[in-house]
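**Q** Have a peek at target35.txt (compact mmCIF, C-alpha atoms).
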```
# COMPACT_ATOMS: atom_id res chain seq x y z
CA MET A 1 8.64 -12.43 -4.62
CA SER A 2 8.01 -9.13 -6.38
CA SER A 3 6.85 -5.73 -5.20
CA SER A 4 3.09 -5.17 -5.24
CA LYS A 5 3.32 -1.40 -5.77
CA ASN A 6 4.42 0.65 -8.74
CA TYR A 7 7.39 2.80 -7.77
CA ARG A 8 8.64 5.95 -9.47
CA TRP A 9 12.41 6.40 -9.54
CA GLY A 10 14.48 9.52 -9.87
CA VAL A 11 17.99 9.04 -11.28
CA LEU A 12 20.85 11.33 -10.25
CA GLY A 13 23.64 11.30 -12.81
CA THR A 14 23.95 10.55 -16.52
CA GLY A 15 27.15 8.50 -16.69
CA TYR A 16 27.78 4.80 -17.24
CA ALA A 17 26.30 3.58 -13.95
CA ALA A 18 23.16 5.68 -14.40
CA ARG A 19 22.71 4.40 -17.96
CA GLU A 20 23.11 0.76 -16.96
CA PHE A 21 20.83 1.12 -13.94
CA THR A 22 18.11 2.86 -15.95
CA SER A 23 18.24 0.21 -18.66
CA GLY A 24 17.99 -2.54 -16.07
CA LEU A 25 15.19 -0.86 -14.16
CA GLN A 26 13.09 -0.51 -17.28
CA SER A 27 12.83 -4.30 -17.48
CA LEU A 28 10.72 -4.30 -14.30
CA GLU A 29 6.97 -3.95 -14.74
CA ASN A 30 6.41 -2.20 -11.41
CA ALA A 31 9.14 0.43 -11.74
CA THR A 32 9.37 3.60 -13.82
CA VAL A 33 12.08 6.22 -14.11
CA THR A 34 10.11 9.45 -14.00
CA ALA A 35 12.94 11.97 -13.64
CA VAL A 36 16.67 12.36 -14.23
CA GLY A 37 18.94 15.07 -12.94
CA SER A 38 22.40 16.31 -13.80
CA GLU A 39 24.57 19.35 -13.17
CA SER A 40 24.05 19.99 -16.88
CA SER A 41 20.54 20.60 -18.21
CA GLU A 42 21.69 19.49 -21.66
CA ARG A 43 23.06 16.17 -20.42
CA ALA A 44 19.93 15.53 -18.39
CA SER A 45 17.70 16.34 -21.37
CA ASN A 46 19.67 14.08 -23.72
CA PHE A 47 19.61 11.26 -21.17
CA ALA A 48 15.85 11.62 -20.74
CA LYS A 49 15.25 11.51 -24.49
CA SER A 50 17.42 8.43 -25.02
CA HIS A 51 15.72 6.54 -22.16
CA SER A 52 12.15 7.80 -22.67
CA ILE A 53 12.06 9.58 -19.31
CA GLU A 54 9.31 12.11 -18.82
CA THR A 55 11.18 14.83 -16.90
CA SER A 56 14.75 16.09 -16.77
CA PHE A 57 16.31 18.63 -14.42
CA GLY A 58 19.52 20.67 -14.45
CA THR A 59 20.01 20.09 -10.73
CA TYR A 60 19.99 17.06 -8.46
CA ASP A 61 17.94 18.85 -5.83
CA GLU A 62 14.95 19.18 -8.16
CA VAL A 63 14.85 15.42 -8.68
CA ILE A 64 15.08 14.74 -4.95
CA HIS A 65 12.19 17.07 -4.17
CA SER A 66 10.03 16.15 -7.15
CA ASP A 67 6.53 14.94 -6.25
CA SER A 68 6.80 12.44 -9.11
CA VAL A 69 9.72 10.58 -7.47
CA ASP A 70 9.30 7.88 -4.81
CA ILE A 71 12.88 6.53 -4.71
CA VAL A 72 16.19 8.20 -5.51
CA TYR A 73 19.06 6.41 -7.24
CA VAL A 74 22.43 8.12 -6.77
CA GLY A 75 24.60 7.29 -9.77
CA THR A 76 26.98 10.25 -9.77
CA VAL A 77 30.73 10.25 -9.17
CA ALA A 78 31.64 9.00 -5.69
CA PRO A 79 32.63 12.37 -4.15
CA LEU A 80 28.99 13.48 -4.46
CA HIS A 81 27.46 10.38 -2.85
CA ARG A 82 27.52 11.62 0.75
CA LYS A 83 25.96 15.00 -0.06
CA LEU A 84 23.21 13.60 -2.28
CA CYS A 85 22.34 10.71 0.04
CA LEU A 86 21.99 13.08 2.97
CA GLN A 87 19.80 15.44 0.93
CA ALA A 88 17.52 12.62 -0.18
CA ILE A 89 17.22 11.19 3.33
CA GLU A 90 16.45 14.63 4.75
CA ALA A 91 13.70 14.89 2.13
CA GLY A 92 12.32 11.54 3.28
CA LYS A 93 13.15 9.78 0.00
CA PRO A 94 14.43 6.18 0.07
CA VAL A 95 17.91 5.93 -1.47
CA LEU A 96 19.83 3.41 -3.52
CA CYS A 97 23.40 4.72 -3.79
CA GLU A 98 25.98 3.47 -6.25
CA LYS A 99 29.20 1.93 -4.98
CA PRO A 100 31.49 2.92 -3.49
CA PHE A 101 28.83 4.01 -1.04
CA ALA A 102 30.95 7.00 0.01
CA MET A 103 34.53 8.20 -0.06
CA SER A 104 35.30 6.89 3.42
CA ALA A 105 33.87 4.85 6.28
CA ALA A 106 33.29 8.10 8.19
CA GLU A 107 31.06 9.43 5.39
CA ALA A 108 29.22 6.11 5.18
CA SER A 109 28.62 6.17 8.93
CA GLU A 110 27.16 9.66 8.65
CA ILE A 111 24.73 8.54 5.94
CA ALA A 112 23.73 5.43 7.90
CA ALA A 113 23.18 7.43 11.09
CA LEU A 114 20.86 9.91 9.38
CA ALA A 115 18.92 7.14 7.64
CA LYS A 116 18.38 5.46 11.01
CA ALA A 117 17.42 8.71 12.72
CA LYS A 118 14.92 9.59 9.97
CA SER A 119 13.71 5.99 9.50
CA VAL A 120 14.38 6.27 5.75
CA PHE A 121 15.46 3.33 3.63
CA CYS A 122 19.02 3.44 2.34
CA MET A 123 21.14 0.81 0.59
CA GLU A 124 24.40 0.61 -1.32
CA ALA A 125 23.93 -0.52 -4.92
CA MET A 126 26.05 -3.66 -4.58
CA TRP A 127 24.23 -5.24 -7.52
CA SER A 128 26.37 -8.39 -7.56
CA ARG A 129 24.78 -9.59 -4.29
CA PHE A 130 21.40 -9.81 -6.01
CA ILE A 131 22.44 -11.65 -9.19
CA PRO A 132 20.50 -14.98 -9.19
CA LEU A 133 23.60 -17.21 -8.94
CA MET A 134 24.94 -15.20 -6.00
CA VAL A 135 21.56 -15.59 -4.29
CA ASP A 136 21.79 -19.37 -4.80
CA ILE A 137 25.36 -19.46 -3.45
CA ARG A 138 24.34 -17.45 -0.39
CA SER A 139 21.48 -19.86 0.31
CA ARG A 140 23.82 -22.86 0.09
CA ILE A 141 26.36 -21.28 2.40
CA ARG A 142 23.75 -20.25 4.96
CA SER A 143 22.36 -23.79 4.97
CA GLY A 144 25.80 -25.06 5.95
CA GLU A 145 26.43 -26.91 2.69
CA ILE A 146 30.18 -26.20 2.75
CA GLY A 147 30.51 -25.83 6.52
CA GLU A 148 32.06 -22.89 8.33
CA ILE A 149 33.67 -20.35 5.99
CA VAL A 150 37.41 -20.10 6.63
CA SER A 151 38.70 -18.31 3.53
CA VAL A 152 37.65 -16.08 0.64
CA ALA A 153 39.83 -15.24 -2.36
CA ALA A 154 38.72 -12.83 -5.09
CA ASP A 155 40.16 -10.53 -7.74
CA PHE A 156 38.89 -7.96 -10.24
CA GLY A 157 41.11 -6.35 -12.85
CA LEU A 158 40.49 -4.40 -16.05
CA ARG A 159 42.99 -3.26 -18.66
CA GLN A 160 42.39 0.48 -18.80
CA THR A 161 44.44 3.63 -19.34
CA PRO A 162 44.00 7.30 -18.40
CA LEU A 163 42.94 7.88 -22.02
CA SER A 164 40.42 5.03 -22.26
CA ASN A 165 38.83 5.73 -18.87
CA PRO A 166 40.02 8.99 -17.25
CA ARG A 167 37.67 8.70 -14.26
CA LEU A 168 39.25 5.46 -13.07
CA PHE A 169 42.63 7.17 -12.81
CA HIS A 170 41.34 10.21 -10.94
CA PRO A 171 42.34 9.85 -7.26
CA GLU A 172 39.08 11.39 -6.04
CA GLN A 173 36.75 9.54 -8.39
CA GLY A 174 38.26 6.15 -9.14
CA GLY A 175 41.22 4.06 -8.12
CA ALA A 176 41.55 0.29 -8.00
CA LEU A 177 40.34 -0.24 -4.44
CA ARG A 178 37.27 1.99 -4.48
CA ASP A 179 36.13 1.19 -7.99
CA LEU A 180 36.96 -2.50 -8.46
CA GLY A 181 38.29 -3.72 -5.12
CA VAL A 182 34.92 -3.01 -3.59
CA TYR A 183 33.64 -6.28 -5.14
CA PRO A 184 36.24 -8.70 -3.72
CA ILE A 185 36.17 -6.88 -0.38
CA SER A 186 32.37 -7.01 -0.30
CA LEU A 187 32.51 -10.78 -0.78
CA ALA A 188 35.01 -11.16 2.07
CA VAL A 189 33.02 -8.92 4.42
CA GLU A 190 29.76 -10.70 3.61
CA TYR A 191 31.05 -14.15 4.58
CA LEU A 192 33.80 -13.37 7.10
CA GLY A 193 32.87 -9.98 8.55
CA MET A 194 35.14 -7.07 9.42
CA PRO A 195 38.76 -8.24 9.56
CA ASP A 196 40.91 -7.72 12.63
CA ASP A 197 43.98 -6.96 10.54
CA VAL A 198 44.23 -5.48 7.03
CA ARG A 199 47.44 -5.97 5.06
CA ILE A 200 47.08 -4.38 1.64
CA THR A 201 49.75 -2.99 -0.66
CA CYS A 202 48.86 -0.27 -3.18
CA ALA A 203 50.70 0.86 -6.29
CA PHE A 204 49.98 4.48 -7.16
CA GLY A 205 50.14 5.98 -10.64
CA GLN A 206 51.47 9.37 -11.65
CA GLY A 207 48.01 10.88 -11.35
CA GLY A 208 47.78 9.90 -7.70
CA ALA A 209 45.22 7.10 -7.95
CA ASP A 210 45.91 3.56 -6.79
CA VAL A 211 46.16 1.54 -10.01
CA ARG A 212 46.81 -1.79 -8.32
CA ALA A 213 46.07 -3.12 -4.85
CA GLY A 214 46.29 -6.51 -3.26
CA GLY A 215 46.70 -8.15 0.06
CA SER A 216 45.10 -10.14 2.82
CA LEU A 217 42.48 -9.69 5.52
CA HIS A 218 43.07 -11.56 8.76
CA TYR A 219 40.61 -12.65 11.46
CA GLN A 220 41.03 -13.71 15.07
CA THR A 221 39.19 -16.90 14.17
CA GLY A 222 42.07 -17.84 11.92
CA ALA A 223 40.14 -17.11 8.74
CA ILE A 224 41.97 -15.32 5.93
CA ALA A 225 40.76 -13.49 2.82
CA THR A 226 42.91 -12.46 -0.14
CA VAL A 227 41.78 -9.64 -2.39
CA MET A 228 43.18 -7.97 -5.49
CA ALA A 229 42.11 -5.13 -7.76
CA ASP A 230 43.76 -3.61 -10.82
CA ILE A 231 42.74 -0.89 -13.27
CA SER A 232 45.80 -1.25 -15.50
CA ALA A 233 45.85 -5.00 -16.12
CA ALA A 234 43.17 -7.62 -16.62
CA THR A 235 42.94 -10.40 -14.05
CA PRO A 236 40.95 -13.66 -14.06
CA THR A 237 38.19 -11.90 -12.05
CA VAL A 238 37.17 -15.05 -10.21
CA ALA A 239 36.42 -15.90 -6.60
CA THR A 240 36.64 -18.89 -4.28
CA ILE A 241 34.77 -19.32 -1.01
CA ILE A 242 36.26 -22.07 1.16
CA GLY A 243 34.47 -23.81 4.00
CA THR A 244 35.38 -26.63 6.35
CA GLU A 245 33.27 -29.06 4.31
CA GLY A 246 33.79 -27.83 0.78
CA PHE A 247 34.41 -24.86 -1.46
CA ILE A 248 32.68 -22.85 -4.17
CA GLU A 249 34.54 -21.54 -7.20
CA ILE A 250 32.81 -18.59 -8.84
CA GLN A 251 33.69 -18.25 -12.49
CA SER A 252 34.48 -15.01 -14.29
CA PRO A 253 33.19 -12.39 -14.01
CA MET A 254 32.84 -12.87 -10.26
CA TYR A 255 30.79 -9.68 -9.86
CA ARG A 256 27.98 -10.90 -12.15
CA PRO A 257 28.52 -14.64 -12.59
CA THR A 258 26.30 -17.17 -14.30
CA ARG A 259 28.42 -20.23 -13.47
CA ALA A 260 30.17 -21.68 -10.45
CA LYS A 261 31.30 -25.04 -9.12
CA ILE A 262 30.70 -26.47 -5.66
CA THR A 263 32.94 -29.21 -4.32
CA HIS A 264 32.21 -31.10 -1.11
CA THR A 265 35.09 -32.39 0.94
CA SER A 266 35.30 -34.90 3.78
CA ILE A 267 37.86 -36.23 6.23
CA PRO A 268 39.10 -39.67 5.12
CA GLY A 269 38.03 -42.47 7.45
CA PRO A 270 40.67 -44.25 9.54
CA ALA A 271 42.50 -47.11 7.87
CA THR A 272 41.33 -50.44 9.23
CA GLN A 273 43.37 -52.69 7.01
CA SER A 274 46.66 -52.23 5.24
CA SER A 275 46.74 -52.63 1.48
CA LYS A 276 49.16 -55.52 1.89
CA SER A 277 46.69 -57.50 4.00
CA ARG A 278 43.83 -57.12 1.54
CA SER A 279 42.94 -59.92 -0.80
CA GLY A 280 43.59 -59.28 -4.48
CA VAL A 281 39.92 -58.61 -5.25
CA SER A 282 39.23 -56.37 -2.26
CA ALA A 283 42.42 -54.41 -2.91
CA ARG A 284 41.34 -53.73 -6.48
CA VAL A 285 37.84 -52.71 -5.35
CA HIS A 286 39.34 -50.38 -2.76
CA HIS A 287 41.66 -48.87 -5.37
CA VAL A 288 38.79 -48.23 -7.81
CA ALA A 289 36.56 -46.76 -5.08
CA SER A 290 39.34 -44.42 -3.98
CA ALA A 291 39.92 -43.30 -7.57
CA VAL A 292 36.21 -42.60 -8.05
CA LYS A 293 36.10 -40.63 -4.80
CA ARG A 294 39.11 -38.56 -5.85
CA GLN A 295 37.56 -37.86 -9.24
CA LEU A 296 34.25 -36.78 -7.69
CA LEU A 297 36.11 -34.46 -5.35
CA LYS A 298 38.04 -33.04 -8.27
CA SER A 299 35.08 -32.47 -10.59
CA GLY A 300 32.56 -31.11 -8.13
CA LYS A 301 29.06 -30.03 -9.13
CA SER A 302 28.34 -27.26 -11.61
CA LEU A 303 26.02 -24.43 -10.62
CA ALA A 304 24.40 -22.21 -13.22
CA ALA A 305 21.86 -19.42 -13.18
CA GLY A 306 21.35 -16.81 -15.85
CA TYR A 307 19.68 -13.44 -15.50
CA ARG A 308 17.50 -11.16 -17.58
CA GLY A 309 18.85 -8.00 -19.16
CA ASN A 310 21.99 -6.50 -17.67
CA GLY A 311 21.27 -7.65 -14.10
CA TYR A 312 20.98 -4.19 -12.55
CA GLN A 313 17.26 -4.61 -11.94
CA TYR A 314 17.61 -7.16 -9.14
CA GLN A 315 18.99 -4.63 -6.65
CA ALA A 316 16.13 -2.27 -7.49
CA ARG A 317 13.65 -5.08 -6.89
CA GLU A 318 15.24 -5.64 -3.48
CA VAL A 319 14.71 -1.98 -2.59
CA MET A 320 11.06 -2.07 -3.59
CA GLU A 321 10.38 -5.33 -1.76
CA CYS A 322 11.98 -3.92 1.39
CA LEU A 323 9.78 -0.84 1.12
CA ASP A 324 6.71 -3.06 0.67
CA ARG A 325 7.62 -4.71 3.99
CA GLY A 326 8.20 -1.41 5.75
CA LEU A 327 11.95 -1.99 6.15
CA THR A 328 14.56 0.76 6.26
CA GLU A 329 17.45 -1.56 5.47
CA SER A 330 18.22 -4.64 3.41
CA SER A 331 19.43 -7.73 5.27
CA THR A 332 21.33 -8.76 2.14
CA MET A 333 23.22 -5.46 1.86
CA PRO A 334 23.04 -3.86 5.34
CA LEU A 335 24.55 -0.43 5.92
CA SER A 336 26.86 -1.89 8.57
CA GLN A 337 28.60 -3.89 5.86
CA SER A 338 28.85 -0.87 3.56
CA ILE A 339 30.70 0.85 6.40
CA GLU A 340 32.96 -2.18 6.99
CA ILE A 341 33.83 -2.41 3.28
CA LEU A 342 34.95 1.22 3.33
CA LYS A 343 36.90 0.67 6.55
CA VAL A 344 38.93 -1.98 4.75
CA ILE A 345 39.43 0.34 1.77
CA ASP A 346 40.43 3.22 4.06
CA LEU A 347 43.01 1.03 5.79
CA GLY A 348 44.30 -0.20 2.45
CA LEU A 349 44.76 3.31 1.07
CA LEU A 350 46.42 4.49 4.29
CA SER A 351 48.74 1.49 4.44
CA LYS A 352 52.45 2.22 4.68
CA ASN A 353 52.97 -0.55 2.13
CA LYS A 354 52.86 1.71 -0.89
CA THR A 355 54.82 1.34 -4.11
CA PRO A 356 55.11 3.76 -7.06
CA THR A 357 54.32 2.74 -10.61
CA ASP A 358 54.69 4.30 -14.03
CA GLU A 359 51.22 3.11 -15.10
```
Since I need it in another form, could you write the structure as structure tokens?

**A**
Amino acid sequence: MSSSKNYRWGVLGTGYAAREFTSGLQSLENATVTAVGSESSERASNFAKSHSIETSFGTYDEVIHSDSVDIVYVGTVAPLHRKLCLQAIEAGKPVLCEKPFAMSAAEASEIAALAKAKSVFCMEAMWSRFIPLMVDIRSRIRSGEIGEIVSVAADFGLRQTPLSNPRLFHPEQGGALRDLGVYPISLAVEYLGMPDDVRITCAFGQGGADVRAGGSLHYQTGAIATVMADISAATPTVATIIGTEGFIEIQSPMYRPTRAKITHTSIPGPATQSSKSRSGVSARVHHVASAVKRQLLKSGKSLAAGYRGNGYQYQAREVMECLDRGLTESSTMPLSQSIEILKVIDLGLLSKNKTPTDE
């Protein structure tokens, strides 16, 4: 399904996320970036020229209130997300806000409350949920293909330094949990919900940002999720979703995968005859059948789905399709889950289990 209307987007910010989003959006036939805004007129102008955007502004407010903008994309640093989302919603403009959605669950709740009160669409830009393979995996899980989900394990780590990526190491703009941990935590929240107990340990660098975080999320149902994020060391960046009847292994990078493997499991049937009592032929047949079954269980079935461009366009398409249907929220990325993700992050950052690091 694709949107039937042509939508005009206004982009707030000129950094990496804004560049990637704009490039992705331009691959959609029914979407156009008509304006970009920055706190610097020069940066906005340069961004507009490099992306063939008609209008640039030296303030974010001008983009939000521009008559040539139907939807606002917030791609600034995270500390500005709350303010800009609230301004756009007050102006009646639908919003797609980059992750992390806000700096805390309290800020996210404030945004969600205003969006509901004003009946204005708002969604966190959790682009990984709309990548084609993740859509396929979600469909399989919802159909019950691997049974009830009992565990999620995911990690995301990049080898960076304060020199290579200063923003990541700024305590108010980056950090492992907010910047990278949001992906593993999002996966856990999507399939297991808000945990009843959060046990996360953070290692903080000299600049004050969490450079490494890992731990477990526990549920009254007995389900457990393990999550890890690191901005100073690369990790496999993979994920596994385990159900009572199978499991899905998402290959790297788990936040925009093109390959996965699904393995179905079953409870062995009761033994009706001991191996000693079998005839020679039947024993050999049983042995071969068991070996084949074990091999099938081990190999599983490969899943693959590519995507066009950089993949950022799929979340934008979701926004436009929701607007076509008169919705103010996405069922795939509801605001309630954006709040829950930040609750987990808040608890992780406030945890007493903190360790220093020289990173």

**Q** May I ask for the distance between CA of Met333 in chain A and CA of Ser119 in chain A, given in Å to one decimal place?

**A** 16.7 Å

**Q** How close does range 123-179 of chain A get to range 188-200 of chain A? List, as a tab-separated table, each residue of range 123-179 of chain A within 12 Å, its nearest atom pair and the distance in Å to one decimal, counting all atoms listed in the file.

**A**
```
residue	atom	partner	partner_atom	distance
A:Met126	CA	A:Glu190	CA	11.4
A:Ser128	CA	A:Glu190	CA	11.9
A:Arg129	CA	A:Glu190	CA	9.4
A:Met134	CA	A:Glu190	CA	11.7
A:Ile137	CA	A:Tyr191	CA	11.2
A:Arg138	CA	A:Tyr191	CA	9.0
A:Ser139	CA	A:Tyr191	CA	11.9
A:Ile141	CA	A:Tyr191	CA	8.8
A:Arg142	CA	A:Tyr191	CA	9.5
A:Gly147	CA	A:Tyr191	CA	11.9
A:Glu148	CA	A:Tyr191	CA	9.6
A:Ile149	CA	A:Tyr191	CA	6.9
A:Val150	CA	A:Leu192	CA	7.7
A:Ser151	CA	A:Leu192	CA	7.8
A:Val152	CA	A:Ala188	CA	5.8
A:Ala153	CA	A:Ala188	CA	7.7
A:Ala154	CA	A:Ala188	CA	8.2
A:Asp155	CA	A:Ala188	CA	11.1
A:Leu177	CA	A:Ile200	CA	10.0
```

**Q** Tell me which of A:Leu158, A:Val344, A:Val11, A:Ala260 sits closest to Phe57 in chain A, counting all atoms listed in the file.

**A**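 Checking each of A:Leu158, A:Val344, A:Val11, A:Ala260 against Phe57 in chain A, counting all atoms listed in the file, the winner is A:Val11.
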
**Q** Calculated over only C-alpha atoms, which of the candidates A:Ser56, A:Glu42, A:Ala203, A:Gln26 has the smallest distance to Gly215 in chain A?

**A** A:Ala203

**Q** Taking (28.7, 6.0, -4.5) as a centre in this file's frame and 9 Å as the limit, can you find every polymer residue with an atom that close, using all atoms listed in the file, and give them as an MDAnalysis selection string?

**A** chainID A and resid 74:82 97:103 124:125

**Q** Have a look at CA of Glu20 in chain A and CA of Tyr312 in chain A and let me know their distance in Å, one decimal.

**A**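 Going from CA of Glu20 in chain A over to CA of Tyr312 in chain A, I get 7.0 Å.
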
**Q** Please provide as JSON, numbers by chain all residues within 12 Å of Gly311 in chain A, with the sequence filter that same-chain residues fewer than 5 positions apart are discarded (counting all atoms listed in the file).

**A** {"A": [20, 21, 22, 23, 24, 25, 26, 27, 28, 125, 126, 127, 128, 129, 130, 131, 132, 133, 134, 255, 256, 257, 258, 305, 306, 316, 317]}

**Q** Using all atoms listed in the file, which residue out of A:Phe247, A:Phe156, A:Tyr183, A:Tyr314 lies closest to Asp230 in chain A?

**A** A:Phe156

**Q** Counting only C-alpha atoms, which of A:Arg308, A:His170, A:His264, A:Arg178 gets nearest to Arg140 in chain A?

**A**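 Closest to Arg140 in chain A of all the choices is A:His264.
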